[in-house]
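Trainee: First the structure, then my questions, so here it is.
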Amino acid sequence: MPIKADYVARETATNLWRNRLMTIAAVLTVTVSLALVGAALLLRQGAANAEAYWQRGVQVTVWMNANASASEIHAVKMQLAEYPYVHGCFYRTRAQDYQEAQHLLAADVASALSPSTTPSSFRCIPNRPQDANSVFQRFEGQPGVAKVTAPLQQIHTMEETITVLQWVFVAVALVLLLSAAVLILNTIRMAIYARRREVSVMKLVGATNWFIRLPFMSEGLVQGLVGSLFAAAVVFGLHAVLNAIGNPNNPGSVLTQMRLSGWEVFGTEAVVVCIGMLIGSAGSAIAIRRFLDV
Amino acid sequence: MIRFSSVTKTYKNSTVALRDVSLDIEKGEFVFLVGPSGSGKTTFIRLLLREELPDRGKIWEAGREIVHLPSWRVPYLRRNIGCVFQDFRLLPNKTVFQNVAFALEVIGRPKHVVNAQVPQVLELVGLSKKHDNLPSELSGGEQQRVAIARAFVNRPLILLADEPTGNLDPATSQGIMQLLDRINRTGTTVVVATHDAALVDWMRRRVVELDQGVIVRDQSRGVYGIDPVTGPIPRTTGPVPRTRVAARGR
């Protein structure tokens, strides 16, 4: 016997309306928890984008001592040329670095420098971004080398921060998702209780188990779905706001570097909606197993 | 139509509800199941509805062995069995018509079938004029008639009644019995579990007496207590003679 869709829709609507307060609570909890899940996913994707952007521009700078001798500079130059992880280097003289420093630094700081106290440097591009670390280890402490700088440490710190933030989001979202499932379970349980007479008559006259279960199943599914659609809207709003702040004319901004394409957001939305439906079905399935004796 | 073969049913608290019960009920029979509380009458009904499973033995119903019936087929079994209870079990927020129609709707009968069959069966139980009343607006007897209409609207092969007159006065109870008799005469097998001695004596139909889960008496045209004149008569197979002892009205 096929179960009529209009019957399921009607019964679901009746159940939801009868339990509207609980339904609202369940839907809101689903919304909040899934918005957090969505935000965590956006953050992760944004971080991945920003990281790719940062790594494209990784440059290792080997700063020579200001008083390094010509032979020391020559030795470092030869070693860099032979070093397999380095794609290529160019040497910047003190004068060049002095010019750059005048350009970059604030006037009062820059005025403290003179061409003779400004160190010369080698600007090197590693073969791969992650090779920067081996360059760092190889040349740090060499005679005549003052220090080796690579932006990796900052990238690393940034990544760690984002990872921690992401796990906090996920942990809070998990707790909220659990409570959302419990709330859905409870609304279904109340619906089953409210309809226990009807259910017992249905069993008595030979309604199939699925005919009895389906309205309750769909009630949970609807709650999960509605909650996740709200959450998807919140996630989309968040994405829109972040993209608006991350002005493409300002490529130095982290927010700009974290910009996501429409497809990436669409993927996140799909995940959010799927989790919502999963939570709804799981909550109602448990309620039906525990409380609906068919 | 119904056959119990060495059926034993023990509940979890090790109460023995039925002990090695064997019984045959033919198609079209009208059987009273009598005995004191706790004698196993309700267990008998619940086994027939497959709300319980026996520990041992086999049960056939409408030509099908039901103990090993897969659970997804149980609803289809129940469509062949009508059942009424002492407490009527009507839906309080539905009208008489809706209560009866509900039984057809939930097994997926189309609307035109519902609209044709419900008035027919309400006519049969004498409630044609109360279509739109709520159960709370009816007397106990009328409510039980609605319950019977609901049990019978799908034309089941078997009608089970567990203390159908337990909440009703004697005159109303007689009316309910006459209605069950009328349903029986359409060929439906009727099994009534009851305490009501007066009704059993009045109807003079087959009586199966249970005591502590054992059949102690099986008598065609029996009375509630042991008949002082004829004594207990061992049941022989074969249909019950359709002799009517009491006058029937309506």
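Residue numbering restarts at 1 for every chain of the structure tokens, chains are lettered A, B, ... in their displayed order, and ligands are numbered from 1 as they appear.
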Write out as a VMD selection string each polymer residue whose atoms come within 10 Å of Gln130 (chain A), counting only C-alpha atoms; drop sequence neighbours fewer than 2 positions from it.
Mentor: chain A and resid 55 58 85 126 to 128 132 to 135 152
Trainee: How about saving the chosen residues, N, CA, C and O atoms kept, as a compact mmCIF listing (two decimals), in the first residue's frame?
Mentor:
# COMPACT_ATOMS: atom_id res chain seq x y z
N GLN A 55 52.01 31.50 1.02
CA GLN A 55 53.12 30.65 0.63
C GLN A 55 53.63 30.98 -0.75
O GLN A 55 54.79 30.74 -1.06
N VAL A 58 56.57 33.33 -0.30
CA VAL A 58 57.58 33.09 0.73
C VAL A 58 58.98 33.42 0.21
O VAL A 58 59.36 33.02 -0.87
N TYR A 85 67.97 23.36 -2.11
CA TYR A 85 66.59 23.77 -1.82
C TYR A 85 66.29 25.19 -2.30
O TYR A 85 65.17 25.65 -2.24
N PRO A 126 62.94 29.89 -2.03
CA PRO A 126 63.11 28.44 -1.90
C PRO A 126 62.33 27.71 -3.00
O PRO A 126 61.39 28.26 -3.57
N ASN A 127 62.74 26.46 -3.27
CA ASN A 127 62.03 25.67 -4.29
C ASN A 127 60.55 25.50 -3.92
O ASN A 127 59.67 25.69 -4.74
N ARG A 128 60.35 25.10 -2.69
CA ARG A 128 58.97 24.97 -2.20
C ARG A 128 58.87 25.81 -0.93
O ARG A 128 59.88 25.97 -0.23
N ALA A 132 61.78 26.65 3.12
CA ALA A 132 62.33 27.84 3.78
C ALA A 132 62.97 27.49 5.11
O ALA A 132 64.01 28.04 5.49
N ASN A 133 62.37 26.49 5.77
CA ASN A 133 62.86 26.09 7.08
C ASN A 133 64.27 25.52 7.03
O ASN A 133 65.10 25.80 7.89
N SER A 134 64.55 24.70 5.98
CA SER A 134 65.89 24.11 5.89
C SER A 134 66.93 25.18 5.55
O SER A 134 68.07 25.10 6.02
N VAL A 135 66.51 26.15 4.75
CA VAL A 135 67.43 27.26 4.45
C VAL A 135 67.77 27.97 5.76
O VAL A 135 68.93 28.27 6.04
N LEU A 152 57.75 32.10 7.75
CA LEU A 152 57.08 30.85 8.13
C LEU A 152 56.56 30.88 9.56
O LEU A 152 55.49 30.37 9.86
Trainee: Can you pull out the residues contacting Glu52 (chain B)? Cut-off 12 Å, using only C-alpha atoms, and skip same-chain residues under 4 positions away; I want them as a PyMOL selection string.
Mentor: chain B and resi 8-12+17-18+42-48+59+66-68+71+74
Trainee: Using the selection just defined, write its residues with all heavy atoms as a short mmCIF file (atom, residue, chain, number, x, y, z; two decimals), in the first residue's frame.
Mentor:
data_model
loop_
_atom_site.label_atom_id
_atom_site.label_comp_id
_atom_site.auth_asym_id
_atom_site.auth_seq_id
_atom_site.Cartn_x
_atom_site.Cartn_y
_atom_site.Cartn_z
N THR B 8 1.28 -22.66 25.19
CA THR B 8 1.62 -22.27 26.56
C THR B 8 2.17 -20.85 26.51
O THR B 8 2.98 -20.52 25.65
CB THR B 8 2.67 -23.21 27.15
OG1 THR B 8 2.11 -24.52 27.21
CG2 THR B 8 3.07 -22.79 28.56
N LYS B 9 1.67 -20.02 27.43
CA LYS B 9 2.18 -18.65 27.49
C LYS B 9 2.49 -18.32 28.94
O LYS B 9 1.62 -18.42 29.82
CB LYS B 9 1.14 -17.67 26.94
CG LYS B 9 1.46 -16.21 27.17
CD LYS B 9 2.63 -15.76 26.32
CE LYS B 9 3.09 -14.36 26.70
NZ LYS B 9 4.32 -13.97 26.00
N THR B 10 3.76 -17.97 29.19
CA THR B 10 4.18 -17.58 30.54
C THR B 10 4.64 -16.13 30.48
O THR B 10 5.34 -15.75 29.55
CB THR B 10 5.35 -18.46 31.01
OG1 THR B 10 5.03 -19.80 30.70
CG2 THR B 10 5.57 -18.33 32.50
N TYR B 11 4.23 -15.33 31.45
CA TYR B 11 4.71 -13.94 31.47
C TYR B 11 6.03 -13.85 32.23
O TYR B 11 6.43 -14.79 32.92
CB TYR B 11 3.65 -13.02 32.08
CG TYR B 11 2.52 -12.76 31.12
CD1 TYR B 11 1.26 -13.30 31.32
CD2 TYR B 11 2.74 -12.01 29.97
CE1 TYR B 11 0.23 -13.08 30.43
CE2 TYR B 11 1.72 -11.78 29.07
CZ TYR B 11 0.47 -12.31 29.30
OH TYR B 11 -0.53 -12.10 28.40
N LYS B 12 6.67 -12.70 32.12
CA LYS B 12 8.02 -12.53 32.67
C LYS B 12 8.08 -12.81 34.17
O LYS B 12 9.06 -13.31 34.68
CB LYS B 12 8.53 -11.12 32.39
CG LYS B 12 9.04 -10.97 30.97
CD LYS B 12 10.05 -9.84 30.86
CE LYS B 12 10.54 -9.68 29.43
NZ LYS B 12 9.67 -8.82 28.62
N ALA B 17 -0.09 -17.94 32.02
CA ALA B 17 -1.37 -17.42 31.58
C ALA B 17 -2.16 -18.48 30.84
O ALA B 17 -3.38 -18.59 31.00
CB ALA B 17 -1.16 -16.20 30.69
N LEU B 18 -1.48 -19.25 30.02
CA LEU B 18 -2.14 -20.36 29.32
C LEU B 18 -1.23 -21.58 29.41
O LEU B 18 -0.01 -21.47 29.25
CB LEU B 18 -2.38 -20.02 27.84
CG LEU B 18 -3.46 -18.99 27.51
CD1 LEU B 18 -3.52 -18.76 26.01
CD2 LEU B 18 -4.83 -19.41 28.04
N THR B 42 -7.89 -12.84 28.49
CA THR B 42 -7.32 -11.70 27.76
C THR B 42 -6.04 -12.12 27.02
O THR B 42 -5.80 -11.68 25.90
CB THR B 42 -7.05 -10.54 28.73
OG1 THR B 42 -8.29 -10.14 29.29
CG2 THR B 42 -6.42 -9.36 28.03
N THR B 43 -5.26 -13.02 27.65
CA THR B 43 -4.07 -13.53 26.96
C THR B 43 -4.47 -14.23 25.66
O THR B 43 -3.82 -14.07 24.63
CB THR B 43 -3.32 -14.51 27.87
OG1 THR B 43 -2.95 -13.83 29.06
CG2 THR B 43 -2.08 -15.04 27.20
N PHE B 44 -5.57 -14.97 25.72
CA PHE B 44 -6.09 -15.66 24.54
C PHE B 44 -6.33 -14.66 23.42
O PHE B 44 -5.89 -14.84 22.28
CB PHE B 44 -7.39 -16.37 24.94
CG PHE B 44 -7.91 -17.33 23.93
CD1 PHE B 44 -7.60 -18.68 23.99
CD2 PHE B 44 -8.74 -16.89 22.89
CE1 PHE B 44 -8.09 -19.57 23.05
CE2 PHE B 44 -9.22 -17.78 21.96
CZ PHE B 44 -8.90 -19.13 22.02
N ILE B 45 -7.04 -13.56 23.76
CA ILE B 45 -7.34 -12.52 22.77
C ILE B 45 -6.06 -11.87 22.26
O ILE B 45 -5.88 -11.67 21.05
CB ILE B 45 -8.25 -11.42 23.41
CG1 ILE B 45 -9.55 -12.02 23.93
CG2 ILE B 45 -8.46 -10.26 22.45
CD1 ILE B 45 -10.66 -12.13 22.96
N ARG B 46 -5.13 -11.58 23.19
CA ARG B 46 -3.89 -10.90 22.79
C ARG B 46 -3.04 -11.79 21.88
O ARG B 46 -2.36 -11.30 20.98
CB ARG B 46 -3.09 -10.48 24.02
CG ARG B 46 -3.73 -9.32 24.77
CD ARG B 46 -2.99 -9.00 26.07
NE ARG B 46 -1.64 -8.52 25.81
CZ ARG B 46 -1.35 -7.25 25.54
NH1 ARG B 46 -2.30 -6.36 25.49
NH2 ARG B 46 -0.09 -6.89 25.32
N LEU B 47 -3.08 -13.09 22.12
CA LEU B 47 -2.35 -14.00 21.24
C LEU B 47 -2.95 -13.98 19.83
O LEU B 47 -2.23 -14.01 18.84
CB LEU B 47 -2.37 -15.43 21.80
CG LEU B 47 -1.47 -15.70 23.00
CD1 LEU B 47 -1.78 -17.08 23.59
CD2 LEU B 47 0.00 -15.65 22.61
N LEU B 48 -4.29 -13.91 19.78
CA LEU B 48 -4.95 -13.89 18.47
C LEU B 48 -4.64 -12.59 17.71
O LEU B 48 -4.59 -12.59 16.48
CB LEU B 48 -6.46 -14.05 18.62
CG LEU B 48 -6.93 -15.46 18.97
CD1 LEU B 48 -8.42 -15.48 19.22
CD2 LEU B 48 -6.59 -16.43 17.84
N ILE B 59 -0.45 -21.44 16.60
CA ILE B 59 -1.77 -20.84 16.48
C ILE B 59 -2.05 -20.61 15.00
O ILE B 59 -1.23 -20.01 14.30
CB ILE B 59 -1.85 -19.49 17.24
CG1 ILE B 59 -1.50 -19.69 18.72
CG2 ILE B 59 -3.23 -18.87 17.09
CD1 ILE B 59 -1.30 -18.40 19.49
N ILE B 66 0.27 -18.13 12.74
CA ILE B 66 0.63 -16.73 13.04
C ILE B 66 1.80 -16.58 14.00
O ILE B 66 2.30 -15.48 14.16
CB ILE B 66 -0.58 -15.94 13.60
CG1 ILE B 66 -1.04 -16.49 14.95
CG2 ILE B 66 -1.70 -15.92 12.59
CD1 ILE B 66 -1.90 -15.51 15.71
N VAL B 67 2.25 -17.66 14.62
CA VAL B 67 3.34 -17.50 15.59
C VAL B 67 4.63 -17.12 14.87
O VAL B 67 5.41 -16.30 15.35
CB VAL B 67 3.52 -18.78 16.43
CG1 VAL B 67 4.71 -18.64 17.37
CG2 VAL B 67 2.27 -19.08 17.23
N HIS B 68 4.82 -17.71 13.70
CA HIS B 68 6.05 -17.43 12.96
C HIS B 68 5.86 -16.40 11.86
O HIS B 68 6.71 -16.27 10.98
CB HIS B 68 6.63 -18.74 12.41
CG HIS B 68 6.99 -19.70 13.48
ND1 HIS B 68 6.22 -20.81 13.78
CD2 HIS B 68 7.99 -19.69 14.39
CE1 HIS B 68 6.76 -21.45 14.81
NE2 HIS B 68 7.84 -20.79 15.20
N SER B 71 7.09 -9.93 11.47
CA SER B 71 6.37 -8.83 12.14
C SER B 71 5.79 -7.83 11.14
O SER B 71 4.77 -7.20 11.41
CB SER B 71 7.28 -8.13 13.12
OG SER B 71 8.41 -7.66 12.45
N VAL B 74 2.20 -8.58 10.36
CA VAL B 74 1.19 -8.55 11.42
C VAL B 74 0.07 -7.55 11.11
O VAL B 74 -1.11 -7.88 11.29
CB VAL B 74 1.85 -8.26 12.79
CG1 VAL B 74 0.81 -7.98 13.85
CG2 VAL B 74 2.71 -9.44 13.19
#
Trainee: Phe85 (chain B): which residues within 7 Å, counting only C-alpha atoms, same-chain residues fewer than 4 positions away excluded, as a ChimeraX atom specification?
Mentor: /B:161-164
Trainee: Using N, CA and C atoms, can you export the residues from the last selection as a PDB file, in the first residue's frame?
Mentor:
ATOM      1  N   ALA B 161     -13.961  -9.861  21.012  1.00  0.00           N
ATOM      2  CA  ALA B 161     -14.494  -8.862  21.942  1.00  0.00           C
ATOM      3  C   ALA B 161     -14.018  -9.224  23.342  1.00  0.00           C
ATOM      4  N   ASP B 162     -13.298  -8.273  23.974  1.00  0.00           N
ATOM      5  CA  ASP B 162     -12.771  -8.520  25.315  1.00  0.00           C
ATOM      6  C   ASP B 162     -13.627  -7.746  26.308  1.00  0.00           C
ATOM      7  N   GLU B 163     -14.462  -8.445  27.042  1.00  0.00           N
ATOM      8  CA  GLU B 163     -15.385  -7.815  27.996  1.00  0.00           C
ATOM      9  C   GLU B 163     -16.169  -6.666  27.344  1.00  0.00           C
ATOM     10  N   PRO B 164     -16.872  -6.920  26.245  1.00  0.00           N
ATOM     11  CA  PRO B 164     -17.495  -5.793  25.533  1.00  0.00           C
ATOM     12  C   PRO B 164     -18.601  -5.126  26.341  1.00  0.00           C
TER      13      PRO B 164
END
Trainee: In region 18-161 of chain B, what's alpha helix (DSSP H) per DSSP? Answer as an MDAnalysis selection string?
Mentor: chainID B and resid 41:48 74:78 96:105 111:124 140:152
Trainee: Those residues you just picked out, can you put them in a file as a PDB file, in the first residue's frame with C-alpha atoms?
Mentor:
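Final output, saved to selection-v2.pdb:
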ATOM      1  CA  LYS B  41      -9.041 -14.946  28.620  1.00  0.00           C
ATOM      2  CA  THR B  42      -7.318 -11.703  27.757  1.00  0.00           C
ATOM      3  CA  THR B  43      -4.071 -13.527  26.958  1.00  0.00           C
ATOM      4  CA  PHE B  44      -6.086 -15.662  24.545  1.00  0.00           C
ATOM      5  CA  ILE B  45      -7.343 -12.515  22.770  1.00  0.00           C
ATOM      6  CA  ARG B  46      -3.894 -10.904  22.787  1.00  0.00           C
ATOM      7  CA  LEU B  47      -2.346 -14.002  21.239  1.00  0.00           C
ATOM      8  CA  LEU B  48      -4.947 -13.888  18.466  1.00  0.00           C
ATOM      9  CA  VAL B  74       1.194  -8.545  11.417  1.00  0.00           C
ATOM     10  CA  PRO B  75      -0.720  -5.395  10.288  1.00  0.00           C
ATOM     11  CA  TYR B  76      -2.119  -7.366   7.344  1.00  0.00           C
ATOM     12  CA  LEU B  77      -3.190 -10.145   9.723  1.00  0.00           C
ATOM     13  CA  ARG B  78      -4.985  -7.592  11.901  1.00  0.00           C
ATOM     14  CA  VAL B  96     -18.773   8.885  15.003  1.00  0.00           C
ATOM     15  CA  PHE B  97     -18.350   8.900  11.231  1.00  0.00           C
ATOM     16  CA  GLN B  98     -14.674   9.923  11.478  1.00  0.00           C
ATOM     17  CA  ASN B  99     -13.950   7.272  14.097  1.00  0.00           C
ATOM     18  CA  VAL B 100     -15.268   4.530  11.844  1.00  0.00           C
ATOM     19  CA  ALA B 101     -13.760   6.052   8.703  1.00  0.00           C
ATOM     20  CA  PHE B 102     -10.359   6.264  10.438  1.00  0.00           C
ATOM     21  CA  ALA B 103     -10.125   2.462  10.471  1.00  0.00           C
ATOM     22  CA  LEU B 104     -10.445   2.402   6.683  1.00  0.00           C
ATOM     23  CA  GLU B 105      -8.306   5.464   5.988  1.00  0.00           C
ATOM     24  CA  LYS B 111     -12.325   7.913  -0.177  1.00  0.00           C
ATOM     25  CA  HIS B 112     -15.204   6.575  -2.243  1.00  0.00           C
ATOM     26  CA  VAL B 113     -14.932   3.208  -0.466  1.00  0.00           C
ATOM     27  CA  VAL B 114     -14.920   4.957   2.912  1.00  0.00           C
ATOM     28  CA  ASN B 115     -17.929   7.076   1.976  1.00  0.00           C
ATOM     29  CA  ALA B 116     -19.840   3.978   0.841  1.00  0.00           C
ATOM     30  CA  GLN B 117     -18.967   1.581   3.657  1.00  0.00           C
ATOM     31  CA  VAL B 118     -19.160   3.776   6.750  1.00  0.00           C
ATOM     32  CA  PRO B 119     -22.872   4.704   6.408  1.00  0.00           C
ATOM     33  CA  GLN B 120     -23.668   1.027   5.745  1.00  0.00           C
ATOM     34  CA  VAL B 121     -22.018  -0.187   8.908  1.00  0.00           C
ATOM     35  CA  LEU B 122     -23.459   2.677  10.971  1.00  0.00           C
ATOM     36  CA  GLU B 123     -26.876   1.613   9.708  1.00  0.00           C
ATOM     37  CA  LEU B 124     -26.095  -1.957  10.815  1.00  0.00           C
ATOM     38  CA  GLY B 140     -21.948   3.860  26.794  1.00  0.00           C
ATOM     39  CA  GLY B 141     -23.963   1.449  24.704  1.00  0.00           C
ATOM     40  CA  GLU B 142     -23.834   3.766  21.718  1.00  0.00           C
ATOM     41  CA  GLN B 143     -20.094   4.197  22.112  1.00  0.00           C
ATOM     42  CA  GLN B 144     -19.627   0.448  22.106  1.00  0.00           C
ATOM     43  CA  ARG B 145     -21.735   0.284  18.942  1.00  0.00           C
ATOM     44  CA  VAL B 146     -19.375   2.764  17.319  1.00  0.00           C
ATOM     45  CA  ALA B 147     -16.447   0.587  18.409  1.00  0.00           C
ATOM     46  CA  ILE B 148     -18.143  -2.464  16.920  1.00  0.00           C
ATOM     47  CA  ALA B 149     -18.846  -0.533  13.703  1.00  0.00           C
ATOM     48  CA  ARG B 150     -15.161   0.399  13.539  1.00  0.00           C
ATOM     49  CA  ALA B 151     -14.102  -3.212  14.125  1.00  0.00           C
ATOM     50  CA  PHE B 152     -16.513  -4.527  11.505  1.00  0.00           C
TER      51      PHE B 152
END
Trainee: With 7 Å as the limit and counting only C-alpha atoms, what residues in chain A lie close to chain B? Please list them as a list in words.
Mentor: Met1, Arg197, Glu198, Met202, Lys203, Leu204, Val205, Gly206, Ala207 and Thr208 of chain A
Trainee: Suppose you want the space between CA of Ala180 (chain A) and CA of Ala47 (chain A); what is it in Å?
Mentor: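 So the answer is 28.3 Å.
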Trainee: Using only C-alpha atoms, which protein or nucleic acid residues come within 12 Å of His74 (chain A)? Drop anything in the same chain fewer than 6 positions from it, and give the result as a list of chain:residue names.
Mentor: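 Result of the neighbour search: A:Met64, A:Ala68, A:Leu80, A:Ala81, A:Tyr91, A:Ser121, A:Phe122, A:Pro143, A:Gly144, A:Val145.
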Trainee: Keeping only N, CA and C atoms, take the residues you just selected and write them out as a tab-separated table (two decimals), in the first residue's frame.
Mentor:
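Now in again-v1.tsv:
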chain	number	residue	atom	x	y	z
A	64	MET	N	73.34	39.60	6.39
A	64	MET	CA	74.76	39.53	6.75
A	64	MET	C	75.03	40.55	7.87
A	68	ALA	N	80.47	42.31	7.97
A	68	ALA	CA	80.93	41.05	7.38
A	68	ALA	C	81.98	41.35	6.30
A	80	LEU	N	74.94	29.32	-1.06
A	80	LEU	CA	73.53	29.48	-1.46
A	80	LEU	C	73.32	29.01	-2.89
A	81	ALA	N	74.28	29.31	-3.73
A	81	ALA	CA	74.16	28.92	-5.14
A	81	ALA	C	74.17	27.40	-5.27
A	91	TYR	N	71.74	39.27	-4.47
A	91	TYR	CA	72.44	39.96	-3.40
A	91	TYR	C	72.05	41.42	-3.43
A	121	SER	N	72.18	41.91	2.32
A	121	SER	CA	71.39	40.68	2.49
A	121	SER	C	71.29	39.91	1.18
A	122	PHE	N	70.97	38.61	1.33
A	122	PHE	CA	70.63	37.78	0.17
A	122	PHE	C	69.12	37.52	0.25
A	143	PRO	N	79.35	31.97	9.61
A	143	PRO	CA	80.20	33.14	9.83
A	143	PRO	C	79.74	34.30	8.94
A	144	GLY	N	79.60	35.45	9.56
A	144	GLY	CA	79.20	36.64	8.83
A	144	GLY	C	77.72	36.82	8.70
A	145	VAL	N	76.94	35.76	9.06
A	145	VAL	CA	75.47	35.86	8.93
A	145	VAL	C	74.90	36.38	10.24
Trainee: Report as number ranges by chain all protein, DNA and RNA residues lying within 7 Å of Gln223 (chain A), evaluated on only C-alpha atoms, omitting residues in the same chain fewer than 2 positions from it.
Mentor: A: 23, 26-27, 219-221, 225-227, 280
Trainee: Residues as selected, N, CA and C atoms, written as a PDB file, in the first residue's frame, can you do that?
Mentor:
ATOM      1  N   THR A  23       8.905  22.926  19.066  1.00  0.00           N
ATOM      2  CA  THR A  23       9.417  22.937  17.695  1.00  0.00           C
ATOM      3  C   THR A  23      10.324  24.144  17.473  1.00  0.00           C
ATOM      4  N   ALA A  26      13.609  23.622  19.212  1.00  0.00           N
ATOM      5  CA  ALA A  26      14.455  22.664  18.496  1.00  0.00           C
ATOM      6  C   ALA A  26      15.043  23.306  17.243  1.00  0.00           C
ATOM      7  N   VAL A  27      14.205  24.038  16.499  1.00  0.00           N
ATOM      8  CA  VAL A  27      14.674  24.648  15.251  1.00  0.00           C
ATOM      9  C   VAL A  27      15.766  25.679  15.550  1.00  0.00           C
ATOM     10  N   GLU A 219       8.387  14.681  10.825  1.00  0.00           N
ATOM     11  CA  GLU A 219       8.376  15.827  11.752  1.00  0.00           C
ATOM     12  C   GLU A 219       9.804  16.185  12.166  1.00  0.00           C
ATOM     13  N   GLY A 220      10.598  15.168  12.533  1.00  0.00           N
ATOM     14  CA  GLY A 220      11.982  15.417  12.921  1.00  0.00           C
ATOM     15  C   GLY A 220      12.804  15.959  11.763  1.00  0.00           C
ATOM     16  N   LEU A 221      12.548  15.372  10.593  1.00  0.00           N
ATOM     17  CA  LEU A 221      13.287  15.793   9.406  1.00  0.00           C
ATOM     18  C   LEU A 221      13.007  17.261   9.092  1.00  0.00           C
ATOM     19  N   LEU A 225      15.629  20.225   8.944  1.00  0.00           N
ATOM     20  CA  LEU A 225      15.787  20.916   7.664  1.00  0.00           C
ATOM     21  C   LEU A 225      15.578  22.417   7.824  1.00  0.00           C
ATOM     22  N   VAL A 226      14.495  22.793   8.518  1.00  0.00           N
ATOM     23  CA  VAL A 226      14.202  24.221   8.684  1.00  0.00           C
ATOM     24  C   VAL A 226      15.341  24.896   9.453  1.00  0.00           C
ATOM     25  N   GLY A 227      15.781  24.243  10.543  1.00  0.00           N
ATOM     26  CA  GLY A 227      16.884  24.793  11.325  1.00  0.00           C
ATOM     27  C   GLY A 227      18.131  24.967  10.481  1.00  0.00           C
ATOM     28  N   GLY A 280      17.986  15.761  12.508  1.00  0.00           N
ATOM     29  CA  GLY A 280      16.529  15.602  12.608  1.00  0.00           C
ATOM     30  C   GLY A 280      16.117  14.150  12.512  1.00  0.00           C
TER      31      GLY A 280
END
Trainee: Quick one: residues within 12 Å of Thr14 (chain A), only C-alpha atoms, excluding same-chain residues fewer than 3 positions away - as a PyMOL selection string?
Mentor: chain A and resi 7-11+17-20+23+191+194-195+215-216+218-219
Trainee: Write out the residues from the selection above, keeping N, CA and C atoms, as a short mmCIF file (atom, residue, chain, number, x, y, z; two decimals), in the first residue's frame.
Mentor:
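Written file, again-v2.cif:
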data_model
loop_
_atom_site.label_atom_id
_atom_site.label_comp_id
_atom_site.auth_asym_id
_atom_site.auth_seq_id
_atom_site.Cartn_x
_atom_site.Cartn_y
_atom_site.Cartn_z
N TYR A 7 -1.18 12.79 3.14
CA TYR A 7 -1.48 12.34 4.50
C TYR A 7 -0.31 12.64 5.43
N VAL A 8 0.92 12.28 4.98
CA VAL A 8 2.10 12.50 5.81
C VAL A 8 2.28 14.00 6.07
N ALA A 9 2.09 14.81 5.01
CA ALA A 9 2.27 16.26 5.15
C ALA A 9 1.27 16.82 6.16
N ARG A 10 0.02 16.38 6.06
CA ARG A 10 -1.03 16.89 6.94
C ARG A 10 -0.74 16.52 8.40
N GLU A 11 -0.40 15.25 8.61
CA GLU A 11 -0.15 14.79 9.98
C GLU A 11 1.08 15.48 10.57
N TRP A 17 2.37 21.86 14.72
CA TRP A 17 1.59 22.95 15.27
C TRP A 17 1.22 22.68 16.72
N ARG A 18 0.89 21.44 17.01
CA ARG A 18 0.48 21.10 18.37
C ARG A 18 1.62 21.33 19.36
N ASN A 19 2.85 21.11 18.89
CA ASN A 19 4.03 21.23 19.75
C ASN A 19 4.86 22.44 19.39
N ARG A 20 4.18 23.56 19.04
CA ARG A 20 4.94 24.62 18.36
C ARG A 20 6.07 25.22 19.20
N THR A 23 8.91 22.93 19.07
CA THR A 23 9.42 22.94 17.70
C THR A 23 10.32 24.14 17.47
N ALA A 191 4.92 14.33 20.70
CA ALA A 191 3.93 14.11 19.64
C ALA A 191 3.40 12.68 19.73
N ALA A 194 1.04 12.55 22.61
CA ALA A 194 -0.24 13.22 22.32
C ALA A 194 -1.12 12.33 21.44
N ARG A 195 -0.51 11.48 20.64
CA ARG A 195 -1.30 10.70 19.68
C ARG A 195 -1.37 9.23 20.06
N PRO A 215 4.80 9.96 9.70
CA PRO A 215 4.57 11.35 10.11
C PRO A 215 5.54 11.82 11.19
N PHE A 216 5.91 10.93 12.11
CA PHE A 216 6.84 11.31 13.17
C PHE A 216 8.25 11.49 12.61
N SER A 218 8.99 12.37 9.57
CA SER A 218 9.06 13.57 8.76
C SER A 218 9.02 14.80 9.66
N GLU A 219 8.39 14.68 10.82
CA GLU A 219 8.38 15.83 11.75
C GLU A 219 9.80 16.18 12.17
#
Trainee: Residues at most 8 Å from Gly187 (chain B), counting only C-alpha atoms, excluding those fewer than 5 positions away in the same chain, as a list in words?
Mentor: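 Once the adjacent positions are removed, what remains is Lys27, Gly28 and Leu157 of chain B.
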Trainee: With all heavy atoms retained, could you export that selection as a compact mmCIF listing (two decimals), in the first residue's frame?
Mentor:
# COMPACT_ATOMS: atom_id res chain seq x y z
N LYS B 27 -15.21 -21.75 11.27
CA LYS B 27 -15.68 -20.53 10.62
C LYS B 27 -17.16 -20.31 10.94
O LYS B 27 -17.95 -21.26 10.91
CB LYS B 27 -15.51 -20.69 9.11
CG LYS B 27 -15.93 -19.48 8.31
CD LYS B 27 -15.40 -19.60 6.89
CE LYS B 27 -16.05 -18.60 5.93
NZ LYS B 27 -16.32 -17.29 6.44
N GLY B 28 -17.51 -19.12 11.32
CA GLY B 28 -18.90 -18.77 11.58
C GLY B 28 -19.40 -19.12 12.97
O GLY B 28 -20.57 -18.93 13.27
N LEU B 157 -12.78 -11.38 9.02
CA LEU B 157 -13.23 -12.78 9.11
C LEU B 157 -13.56 -13.13 10.55
O LEU B 157 -14.39 -13.99 10.81
CB LEU B 157 -12.13 -13.71 8.60
CG LEU B 157 -11.74 -13.51 7.14
CD1 LEU B 157 -10.45 -14.24 6.82
CD2 LEU B 157 -12.87 -13.99 6.23
